[in-house]
Structure formats: structure tokens, C-alpha cells
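Asks: Below is the structure I would like to discuss, written out as C-alpha cells.
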Amino acid sequence: MNAIYSAQNQIKQSLGLSKIKVIHNQNYQRHGTKSYVYLLNRFGFQPTKPGPYFHIDQVDQHGILPEGLKSALGGTLHTKRRLVKKLDSGDGDQPGEVTADDQQNDSMYICKIGVGTPAQDLLVDFDTGSADTWVFSTLQGKSNQKGHNVFDPKKSKTFKKLTGKKWEIQYGDGSTASGDCGSDTLIVGGLTIKKQTIECASKLSRQFANSTSDGLLGLAWGTINTVTDSGEADPQATPVENMIKQDDIPKEAELFTSAFYSTRDNSAESFYTFGFIDQDLVKKSGQDIHWTDIDKSQGFWSFSSESCSINGEKVDLSGNTAIADTGTTLALMGDNVVEKLYDQIPGATYDWLNQGYIFPISVKADDLPEIKVAVGDKEYEIQKEDLAFALTDDKKSWYGGIQSRGQMPFDILGDTFLKSVYAIWDQGNTRLGLVPKIEETQNLEPPPDDGADDGGEKKRISSTELIAGEVKSL
């Protein structure tokens with residue numbers, strides 16, 4: 001590793017690279033069920049546990065399916081999967097629509113980037129589960145621009161319109177984000193990435209428009225990028241893939257890293273780096289970086305995860321895989337694991353209305369089981385405080401940070417897991433490196449973004465105010 005660190009130190013100094021501070025979004029309101037519904041919507045999996053939300057197949061009479069929803073019945077009749085909800089646990093009621101209010105529309109973490117020349121500052125969500133880099137733009141209606149930092153292509157000397165290229169993201173509830181594409185300069189953590197495809201939003205459903213962030217920076221693999229050219233799939237390279245193509249980035253620096261800390265813990269700041277590893281944080285762990293090969297065939301950061309341990313008891317998960325996803329707050333695992341985990345928590349139960357496992361707020365950190373999850377051939381502990389994700393609406397229980405993955409064929413290790421490790425996303429070598437990062441004291445107090453305070457509605461902070469430095473968090 002010494003040779004790698006030496007090369008990274010040189011590139012860090014020559015290019016002026018720096019840590020990217022992760023801003024804990026002050027508008028984010030932690031809510032377990034809404035976070036789970038967001039994942040049902042985003043990944044389109046059918047739940048195996050009972051609750052209000054599930055998918056149905058609806059017949060589309062027009063014979064045209066949106067990109068990504070391709071199950072056809074033949075002739076002019078096609079079906080598409082749609083997320084719906086029922087109001088009670090009975091079987092008689094017709095399912096209703098899932099609205100923006102049913103799900104989490106905001107990001108817990110946002111980061112500053114620059115787009116164009118001169119750079120226009122935006123706050124976006126960094127997402128290893130997506131390959132699209134899209135931003136709020138002046139192509140949208142004025143109402144959707146309010147409170148946001150909006151990219152104006154006309155103000156950039158380096159912007160070039162990519163004629164014919166379009167993009168669209170569509171979720172199971174029918175919500176969409178779409179627009180046109182251009183090529184421009186992107187700046188992240190002092191690193192300048194030239195000729196990056198920037199997806200400029202022209203239409204946003206409420207689910208997207210309600211977010212504090214000004215867009216998204218995709219850190220998955222470009223094969224799942226949604227850009228089309230004249231109606232045909234034309235996936236574009238992600239920022240890291242373009243970074244790798246540049247002559248000034250050596251092989252040792254073809255990576256990015258992430259370190260997330262809970263809002264319960266005010267002592268450390270979450271961050272990303274591009275092009276270098278935080279050597280001090282690796283040393284602090286007392287361990288060498290453990291590397292795991294990545295399977296990028298589906299566009300995700302996917303790896304083998306064939307075991308876990310609960311209070312020292314090994315659970316065999318032969319053939320199981322998982323993805324690491326910074327765009328997911330929870331961790332989703334197989335029902336056999338989830339059931340074993342909550343069997344070890346005093347008073348834990350599965351709740352239909354919350355569509356997830358909950359446990360009493362009287363439970364102490366010492367009462368919670370130790371759970372370790374395999375990434376490749378090494379297991380990593382998930383710190384106990386992150387098993388208590390959010391208070392339920394009645395403030396009597398915790399919504400668990402690990403929930404059922406339903407019929408999805410792989411686990412999703414989101415922030416519940418990632419807050420316990422320092423992650424090195426080595427895209428150039430198609431591998432993921434981890435070292436443990438567990439807080440010395442486990443804190444089960446409600447985090448500031450839980451909305452547990454009953455002292456009136458919290459003032460919403462716009463992304464324009466955040467950029468302008470009008471809030472202390474910046």
C-alpha cells in the first residue's frame with residue numbers, strides 16, 4: 001500500500017484534491033416506513049412481509065412500456081408493475097395510489113459540486129446505486145426551481161448540447177424525472193472532470209421536486225445509465241469512469257472513498273474523497289484494508305455475502321450476494337436473517353402498519369445483539385446504534401435499521417451498514433476496500449433528524465441558503 005499512498009499523495013498535491021464535506025440535510029425527517037416504501041418504489045421488489053404497500057401488475061392498453069418495464073403480454077396488451085397501498089389489513093378494499101407523502105423524498109446526505117465554466121455550485125446526492133448525473137436546470141418550470149440552485153447551460157462557456165440525447169428515471173408509483181443532455185465540466189473535491197454528460201432536468205414529479213438536493217451524482221457503473229439517443233439506449237460514462245479516462249489520473253488514484261457518521265455523533269464529519277484514501281482513518285482502524293472483488297455485470301457494486309453472525313452464531317447464506325448503496329438508508333436482508341436478528345431483541349415484533357420490525361425505545365444498547373455481515377470473505381459488525389433507525393409515529397418504538405428484502409434476489413447494504421466502515425470504492429481495479437469504523441460509545445438517543453421534537457414545525461432550509469452559507473452546518 002505504501003506505493004499506492006505515495007502516488008495518491010502526489011496526485012492530491014498536484015491537483016489540489018480535498019475532502020468533500022457531506023452535509024447532513026437539515027430538512028431530512030427520518031421515518032422508517034417511508035424509507036422502506038421509497039426502496040419498494042426504487043427497486044421494484046415485491047414484499048414478502050405483510051403491510052399496506054405492495055406491487056400489482058396493471059394492463060397498459062397503449063402497447064408501449066416505459067424503459068425498464070418490459071414485461072409484455074403480447075399483441076397490444078402489456079403490463080407494468082405499479083406500487084399501491086391498502087388502508088387496512090383486510091382483503092376487501094381496493095388498493096389506492098401511493099403518493100409523495102407516503103415515501104421518503106429527501107436525501108440524508110448531500111454534497112457540493114460545481115458544473116460548467118465558470119462553475120455553478122449545486123448540492124447533490126452521491127449515489128452508488130445509480131449511474132445518472134442529473135441536475136435541476138433552467139429547462140424546468142419556475143415552480144420547480146424555487147429554493148434550488150439551478151444549472152443554467154447558457155451561463156457556461158464549456159456546455160455543449162448533446163442533440164438527440166434524452167434521459168428519464170421512472171419509479172413504480174409512476175413518478176418520473178426527465179430532460180435533455182449536454183456535455184460540460186464537472187468539479188468534485190478539487191478534481192476537474194471534462195466532457196461529463198450532464199442530464200438537465202426539464203420535468204420532475206413531486207417526489208423528485210420535493211427534495212432539498214439539486215440533483216444526483218451517479219457512482220454506480222455506466223451500464224445502467226438511462227440516457228437514450230433518438231429513442232435507443234445510449235448509456236453514458238459516470239463521473240468516475242470519465243475521471244479514469246483522463247491522463248492526469250494514475251492507476252493508483254482511480255477510486256473514491258466514503259466515511260459516514262451518524263447525526264447522533266457530533267464529533268466527526270462525514271466526507272467523500274476522489275482520487276485518494278484518507279490514510280489517517282485507515283491507521284485509526286488498526287487494520288489493513290480488506291479488498292473484495294466486485295461483480296459489475298448488473299451495474300451495481302455487487303459482491304459475495306455468504307454469511308452473517310448474530311451474537312456469535314454463524315448463519316450460512318451460501319450463494320448470497322449484496323450490493324453496497326450510498327443511496328439507501330436502511331439495510332435490506334433475507335427474511336431468515338431478519339427474523340433471527342429481531343428474535344434476539346427484547347420486545348421486538350413485526351408491525352403491519354409500519355411494514356417492518358420495531359422494538360421498544362426502552363431497549364438499551366447493551367440489550368441489542370451483535371450482528372456481523374460478510375463482504376467477500378470477511379464479516380463486519382454493524383454498530384448497535386444504527387439498528388435503531390427511526391422512532392415510530394407514536395414515539396414508543398424504534399423502526400429497525402435492518403428490514404426484509406422481500407423477493408429481491410440480493411441484499412442491499414445501505415447507510416445502516418456503511419456508517420460502520422470506511423469504504424474505498426476502487427473502480428479502476430473493480431474492487432471494494434473496507435476497514436471497520438465503530439463509534440466507541442453507542443448512542444440510542446433519537447437523532448436530530450428523527451422529528452421527535454414536538455415543539456412545532458421545523459423551518460425548512462433551501463439548498464440556495466445552504467450554498468450561500470446562511471446555515472451553521474455549512
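By convention in this document, the chains of the C-alpha cells carry letters A, B, ... by their order, each chain's residues are numbered from 1, and ligands are numbered from 1 in the order they are shown.
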Set the distance at 6 Å and use only C-alpha atoms: which residues neighbour segment 197-212 of chain A once local chain neighbours fewer than 2 positions away are removed? I'd like the list as number ranges by chain.
Replies: A: 100, 105-106, 133-137, 139-140, 175-183, 463
Asks: Those same residues - all heavy atoms - I'd like them written as a tab-separated table (two decimals), in the first residue's frame.
Replies:
```
chain	number	residue	atom	x	y	z
A	100	ALA	N	-46.56	11.10	-2.95
A	100	ALA	CA	-45.28	11.62	-2.46
A	100	ALA	C	-45.22	11.59	-0.94
A	100	ALA	O	-44.14	11.43	-0.36
A	100	ALA	CB	-45.06	13.04	-2.98
A	105	ASN	N	-38.77	11.37	0.30
A	105	ASN	CA	-38.39	12.04	-0.94
A	105	ASN	C	-37.10	12.83	-0.80
A	105	ASN	O	-36.65	13.46	-1.77
A	105	ASN	CB	-39.51	13.00	-1.38
A	105	ASN	CG	-40.82	12.28	-1.62
A	105	ASN	OD1	-40.86	11.30	-2.35
A	105	ASN	ND2	-41.89	12.74	-0.98
A	106	ASP	N	-36.51	12.82	0.39
A	106	ASP	CA	-35.34	13.64	0.62
A	106	ASP	C	-34.11	12.77	0.88
A	106	ASP	O	-34.23	11.58	1.19
A	106	ASP	CB	-35.57	14.58	1.80
A	106	ASP	CG	-35.00	15.97	1.57
A	106	ASP	OD1	-34.13	16.11	0.69
A	106	ASP	OD2	-35.42	16.91	2.25
A	133	THR	N	-26.16	11.25	-13.70
A	133	THR	CA	-25.77	12.51	-13.07
A	133	THR	C	-26.70	13.58	-13.63
A	133	THR	O	-26.53	14.03	-14.76
A	133	THR	CB	-24.30	12.84	-13.35
A	133	THR	OG1	-23.48	11.85	-12.69
A	133	THR	CG2	-23.93	14.21	-12.80
A	134	TRP	N	-27.73	13.91	-12.83
A	134	TRP	CA	-28.74	14.86	-13.31
A	134	TRP	C	-28.86	16.01	-12.33
A	134	TRP	O	-28.59	15.88	-11.14
A	134	TRP	CB	-30.09	14.17	-13.54
A	134	TRP	CG	-30.82	13.70	-12.32
A	134	TRP	CD1	-30.76	12.47	-11.75
A	134	TRP	CD2	-31.74	14.45	-11.52
A	134	TRP	NE1	-31.58	12.39	-10.65
A	134	TRP	CE2	-32.20	13.61	-10.48
A	134	TRP	CE3	-32.23	15.76	-11.58
A	134	TRP	CZ2	-33.11	14.02	-9.52
A	134	TRP	CZ3	-33.14	16.18	-10.61
A	134	TRP	CH2	-33.57	15.31	-9.60
A	135	VAL	N	-29.28	17.16	-12.86
A	135	VAL	CA	-29.35	18.38	-12.04
A	135	VAL	C	-30.61	19.18	-12.36
A	135	VAL	O	-31.15	19.10	-13.47
A	135	VAL	CB	-28.11	19.28	-12.26
A	135	VAL	CG1	-26.84	18.56	-11.81
A	135	VAL	CG2	-27.98	19.70	-13.72
A	136	PHE	N	-31.07	19.93	-11.38
A	136	PHE	CA	-32.11	20.93	-11.63
A	136	PHE	C	-31.54	21.93	-12.64
A	136	PHE	O	-30.37	22.33	-12.55
A	136	PHE	CB	-32.46	21.67	-10.33
A	136	PHE	CG	-33.43	20.95	-9.44
A	136	PHE	CD1	-33.09	19.74	-8.85
A	136	PHE	CD2	-34.68	21.48	-9.20
A	136	PHE	CE1	-33.98	19.08	-8.02
A	136	PHE	CE2	-35.59	20.83	-8.36
A	136	PHE	CZ	-35.24	19.63	-7.78
A	137	SER	N	-32.36	22.33	-13.59
A	137	SER	CA	-31.87	23.22	-14.64
A	137	SER	C	-32.91	24.27	-15.01
A	137	SER	O	-34.09	24.17	-14.62
A	137	SER	CB	-31.49	22.42	-15.89
A	137	SER	OG	-32.63	22.11	-16.67
A	139	LEU	N	-34.24	24.54	-17.68
A	139	LEU	CA	-35.21	23.95	-18.61
A	139	LEU	C	-36.52	23.62	-17.91
A	139	LEU	O	-37.53	23.36	-18.56
A	139	LEU	CB	-34.64	22.67	-19.25
A	139	LEU	CG	-33.30	22.81	-19.99
A	139	LEU	CD1	-32.90	21.45	-20.57
A	139	LEU	CD2	-33.39	23.86	-21.10
A	140	GLN	N	-36.52	23.61	-16.57
A	140	GLN	CA	-37.72	23.29	-15.80
A	140	GLN	C	-38.64	24.51	-15.69
A	140	GLN	O	-38.23	25.65	-15.92
A	140	GLN	CB	-37.35	22.88	-14.37
A	140	GLN	CG	-36.48	21.67	-14.24
A	140	GLN	CD	-35.86	21.59	-12.87
A	140	GLN	OE1	-34.66	21.53	-12.72
A	140	GLN	NE2	-36.71	21.60	-11.83
A	175	SER	N	-43.87	8.04	-10.70
A	175	SER	CA	-43.12	9.29	-10.65
A	175	SER	C	-41.94	9.24	-11.62
A	175	SER	O	-41.33	8.19	-11.84
A	175	SER	CB	-42.62	9.54	-9.22
A	175	SER	OG	-41.81	8.48	-8.78
A	176	THR	N	-41.62	10.40	-12.20
A	176	THR	CA	-40.56	10.46	-13.20
A	176	THR	C	-39.71	11.71	-13.05
A	176	THR	O	-40.15	12.73	-12.49
A	176	THR	CB	-41.14	10.46	-14.64
A	176	THR	OG1	-41.97	11.62	-14.80
A	176	THR	CG2	-41.93	9.21	-14.93
A	177	ALA	N	-38.50	11.62	-13.55
A	177	ALA	CA	-37.62	12.77	-13.75
A	177	ALA	C	-37.02	12.59	-15.13
A	177	ALA	O	-36.60	11.49	-15.50
A	177	ALA	CB	-36.54	12.82	-12.69
A	178	SER	N	-36.99	13.67	-15.93
A	178	SER	CA	-36.52	13.52	-17.31
A	178	SER	C	-36.02	14.85	-17.85
A	178	SER	O	-36.23	15.91	-17.24
A	178	SER	CB	-37.65	12.98	-18.20
A	178	SER	OG	-38.74	13.89	-18.21
A	179	GLY	N	-35.36	14.78	-19.02
A	179	GLY	CA	-34.89	16.00	-19.64
A	179	GLY	C	-33.91	15.75	-20.76
A	179	GLY	O	-33.82	14.64	-21.31
A	180	ASP	N	-33.13	16.79	-21.10
A	180	ASP	CA	-32.15	16.73	-22.18
A	180	ASP	C	-30.74	16.59	-21.60
A	180	ASP	O	-30.54	16.68	-20.39
A	180	ASP	CB	-32.23	18.00	-23.02
A	180	ASP	CG	-33.59	18.15	-23.70
A	180	ASP	OD1	-34.20	17.11	-24.02
A	180	ASP	OD2	-34.03	19.30	-23.89
A	181	CYS	N	-29.77	16.39	-22.47
A	181	CYS	CA	-28.39	16.16	-22.04
A	181	CYS	C	-27.44	17.15	-22.70
A	181	CYS	O	-27.67	17.62	-23.82
A	181	CYS	CB	-27.94	14.75	-22.40
A	181	CYS	SG	-28.92	13.44	-21.64
A	182	GLY	N	-26.36	17.42	-21.99
A	182	GLY	CA	-25.28	18.22	-22.53
A	182	GLY	C	-23.96	17.73	-21.97
A	182	GLY	O	-23.92	16.94	-21.02
A	183	SER	N	-22.88	18.20	-22.56
A	183	SER	CA	-21.54	17.87	-22.08
A	183	SER	C	-20.94	19.11	-21.43
A	183	SER	O	-21.02	20.20	-22.00
A	183	SER	CB	-20.68	17.41	-23.26
A	183	SER	OG	-19.33	17.30	-22.88
A	463	SER	N	-31.79	24.78	-0.53
A	463	SER	CA	-30.42	24.50	-0.95
A	463	SER	C	-29.69	25.78	-1.33
A	463	SER	O	-28.47	25.87	-1.21
A	463	SER	CB	-30.41	23.51	-2.13
A	463	SER	OG	-31.01	24.07	-3.27
```
Asks: Segment 195-286 of chain A: which residues are strand (DSSP E) by DSSP, as a PyMOL selection string?
Replies: chain A and resi 195-204+215-218+228-229+232-233+256-259+271-274
Asks: DSSP on the backbone: which residues in segment 82-243 of chain A end up as alpha helix (DSSP H)? Give the answer as a PyMOL selection string.
Replies: chain A and resi 142-145+206-209+239-243
Asks: Find the residues around Asp426 of chain A up to 8 Å (only C-alpha atoms counted), leave out those fewer than 3 positions away in its own chain, and share them as a CSV table (one decimal) with all heavy atoms, in the first residue's frame.
Replies:
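Result file part.csv:
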```
chain,number,residue,atom,x,y,z
A,254,GLU,N,-7.6,5.8,-9.2
A,254,GLU,CA,-8.9,5.6,-9.9
A,254,GLU,C,-10.0,5.1,-8.9
A,254,GLU,O,-10.5,4.0,-9.1
A,254,GLU,CB,-8.7,4.6,-11.1
A,254,GLU,CG,-7.8,5.1,-12.1
A,254,GLU,CD,-7.4,4.1,-13.2
A,254,GLU,OE1,-7.8,2.9,-13.1
A,254,GLU,OE2,-6.8,4.5,-14.2
A,255,LEU,N,-10.2,5.9,-7.9
A,255,LEU,CA,-11.1,5.5,-6.9
A,255,LEU,C,-11.8,6.7,-6.2
A,255,LEU,O,-11.4,7.8,-6.4
A,255,LEU,CB,-10.3,4.6,-5.8
A,255,LEU,CG,-9.1,5.2,-5.2
A,255,LEU,CD1,-9.3,6.2,-4.1
A,255,LEU,CD2,-8.2,4.1,-4.7
A,256,PHE,N,-12.8,6.4,-5.3
A,256,PHE,CA,-13.3,7.4,-4.4
A,256,PHE,C,-13.6,6.7,-3.1
A,256,PHE,O,-13.6,5.4,-3.0
A,256,PHE,CB,-14.6,8.0,-5.0
A,256,PHE,CG,-15.7,7.1,-5.2
A,256,PHE,CD1,-16.7,6.9,-4.3
A,256,PHE,CD2,-15.8,6.3,-6.4
A,256,PHE,CE1,-17.8,6.1,-4.5
A,256,PHE,CE2,-16.9,5.5,-6.6
A,256,PHE,CZ,-17.9,5.3,-5.7
A,429,ASN,N,-9.8,-0.8,-10.3
A,429,ASN,CA,-9.5,-2.2,-10.1
A,429,ASN,C,-10.7,-3.1,-9.8
A,429,ASN,O,-10.5,-4.3,-9.4
A,429,ASN,CB,-8.4,-2.3,-8.9
A,429,ASN,CG,-7.1,-1.7,-9.3
A,429,ASN,OD1,-6.4,-2.2,-10.2
A,429,ASN,ND2,-6.7,-0.7,-8.6
A,430,THR,N,-11.9,-2.6,-9.9
A,430,THR,CA,-13.1,-3.3,-9.8
A,430,THR,C,-13.1,-4.1,-8.4
A,430,THR,O,-13.4,-5.3,-8.3
A,430,THR,CB,-13.3,-4.3,-10.9
A,430,THR,OG1,-12.9,-3.8,-12.1
A,430,THR,CG2,-14.8,-4.7,-11.1
A,431,ARG,N,-12.9,-3.3,-7.3
A,431,ARG,CA,-12.9,-3.9,-6.0
A,431,ARG,C,-13.3,-2.9,-5.0
A,431,ARG,O,-13.3,-1.7,-5.2
A,431,ARG,CB,-11.5,-4.4,-5.7
A,431,ARG,CG,-10.4,-3.4,-5.6
A,431,ARG,CD,-9.0,-3.9,-5.3
A,431,ARG,NE,-8.1,-2.8,-5.2
A,431,ARG,CZ,-6.8,-3.0,-4.8
A,431,ARG,NH1,-6.4,-4.2,-4.4
A,431,ARG,NH2,-6.0,-1.9,-4.7
A,432,LEU,N,-13.8,-3.4,-3.8
A,432,LEU,CA,-14.2,-2.6,-2.7
A,432,LEU,C,-13.4,-2.9,-1.5
A,432,LEU,O,-13.2,-4.0,-1.1
A,432,LEU,CB,-15.7,-2.9,-2.4
A,432,LEU,CG,-16.3,-2.2,-1.2
A,432,LEU,CD1,-16.4,-0.7,-1.5
A,432,LEU,CD2,-17.7,-2.7,-0.9
A,433,GLY,N,-12.8,-1.8,-0.9
A,433,GLY,CA,-12.0,-2.0,0.2
A,433,GLY,C,-12.7,-1.4,1.5
A,433,GLY,O,-13.3,-0.4,1.4
```
Asks: To one decimal place, how far is atom CA of Ser258 of chain A from atom CA of Tyr272 of chain A in Å?
Replies: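 If I compute the distance from atom CA of Ser258 of chain A to atom CA of Tyr272 of chain A, I get 4.5 Å.
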Asks: Quick one: residues within 6 Å of segment 109-113 of chain A, only C-alpha atoms, excluding same-chain residues fewer than 3 positions away - as a PDB file with C-alpha atoms, in the first residue's frame?
Replies:
```pdb
ATOM      1  CA  VAL A  22     -21.034  15.612   3.487  1.00  0.00           C
ATOM      2  CA  ILE A  23     -23.809  17.918   4.643  1.00  0.00           C
ATOM      3  CA  HIS A  24     -26.397  16.346   6.933  1.00  0.00           C
ATOM      4  CA  ASN A  25     -29.546  17.659   5.320  1.00  0.00           C
ATOM      5  CA  ASP A 121     -22.391  25.353  -7.359  1.00  0.00           C
ATOM      6  CA  LEU A 122     -25.055  22.711  -6.679  1.00  0.00           C
ATOM      7  CA  LEU A 123     -25.874  20.378  -3.789  1.00  0.00           C
ATOM      8  CA  VAL A 124     -26.488  16.806  -4.931  1.00  0.00           C
ATOM      9  CA  ASP A 125     -26.933  13.287  -3.595  1.00  0.00           C
ATOM     10  CA  ILE A 187     -15.747  19.671 -10.383  1.00  0.00           C
ATOM     11  CA  VAL A 188     -15.769  17.373  -7.337  1.00  0.00           C
TER      12      VAL A 188
END
```
Asks: Check which residues of segment 356-387 of chain A sit at most 9 Å from segment 303-314 of chain A using only C-alpha atoms, and return one row each with the closest pair of atoms and their distance in Å to one decimal, ordered by chain and rising number, as JSON lines.
Replies:
```
{"residue": "A:Pro369", "atom": "CA", "partner": "A:Asn311", "partner_atom": "CA", "distance": 5.6}
{"residue": "A:Glu370", "atom": "CA", "partner": "A:Asn311", "partner_atom": "CA", "distance": 4.9}
{"residue": "A:Ile371", "atom": "CA", "partner": "A:Ile310", "partner_atom": "CA", "distance": 4.6}
{"residue": "A:Lys372", "atom": "CA", "partner": "A:Ser309", "partner_atom": "CA", "distance": 5.1}
{"residue": "A:Val373", "atom": "CA", "partner": "A:Cys308", "partner_atom": "CA", "distance": 4.4}
{"residue": "A:Ala374", "atom": "CA", "partner": "A:Ser305", "partner_atom": "CA", "distance": 4.9}
{"residue": "A:Val375", "atom": "CA", "partner": "A:Ser305", "partner_atom": "CA", "distance": 5.2}
{"residue": "A:Gly376", "atom": "CA", "partner": "A:Ser304", "partner_atom": "CA", "distance": 5.0}
{"residue": "A:Asp377", "atom": "CA", "partner": "A:Ser305", "partner_atom": "CA", "distance": 7.7}
{"residue": "A:Lys378", "atom": "CA", "partner": "A:Ser305", "partner_atom": "CA", "distance": 8.9}
{"residue": "A:Glu379", "atom": "CA", "partner": "A:Cys308", "partner_atom": "CA", "distance": 6.8}
{"residue": "A:Tyr380", "atom": "CA", "partner": "A:Cys308", "partner_atom": "CA", "distance": 8.7}
{"residue": "A:Glu381", "atom": "CA", "partner": "A:Ser309", "partner_atom": "CA", "distance": 8.8}
```
Asks: Just to be explicit: take each residue in the selection above, keep N, CA and C atoms, and write the result as a compact mmCIF listing (two decimals), in the first residue's frame.
Replies:
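The new file result10.txt reads:
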```
# COMPACT_ATOMS: atom_id res chain seq x y z
N PRO A 369 -28.33 -7.23 19.98
CA PRO A 369 -27.38 -8.26 19.58
C PRO A 369 -26.26 -7.69 18.71
N GLU A 370 -25.14 -8.39 18.70
CA GLU A 370 -24.06 -8.06 17.77
C GLU A 370 -24.35 -8.77 16.45
N ILE A 371 -24.43 -8.00 15.37
CA ILE A 371 -24.62 -8.60 14.06
C ILE A 371 -23.47 -8.21 13.16
N LYS A 372 -22.91 -9.21 12.49
CA LYS A 372 -21.83 -9.01 11.53
C LYS A 372 -22.28 -9.55 10.18
N VAL A 373 -21.92 -8.83 9.12
CA VAL A 373 -22.33 -9.19 7.77
C VAL A 373 -21.09 -9.37 6.90
N ALA A 374 -21.08 -10.42 6.09
CA ALA A 374 -19.92 -10.71 5.24
C ALA A 374 -19.89 -9.84 4.01
N VAL A 375 -18.72 -9.27 3.74
CA VAL A 375 -18.41 -8.65 2.46
C VAL A 375 -17.23 -9.43 1.92
N GLY A 376 -17.48 -10.26 0.90
CA GLY A 376 -16.47 -11.22 0.48
C GLY A 376 -16.26 -12.24 1.58
N ASP A 377 -15.01 -12.46 1.97
CA ASP A 377 -14.72 -13.49 2.97
C ASP A 377 -14.46 -12.93 4.36
N LYS A 378 -14.88 -11.67 4.60
CA LYS A 378 -14.70 -11.08 5.93
C LYS A 378 -16.01 -10.49 6.42
N GLU A 379 -16.32 -10.72 7.70
CA GLU A 379 -17.54 -10.16 8.29
C GLU A 379 -17.24 -8.84 9.01
N TYR A 380 -18.19 -7.90 8.88
CA TYR A 380 -18.07 -6.58 9.51
C TYR A 380 -19.27 -6.33 10.42
N GLU A 381 -18.98 -5.80 11.60
CA GLU A 381 -20.04 -5.51 12.56
C GLU A 381 -20.83 -4.27 12.15
```
Asks: So how far away is atom CA of Asp366 of chain A from atom CA of Lys34 of chain A, in Å?
Replies: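 A separation of 27.8 Å between them.
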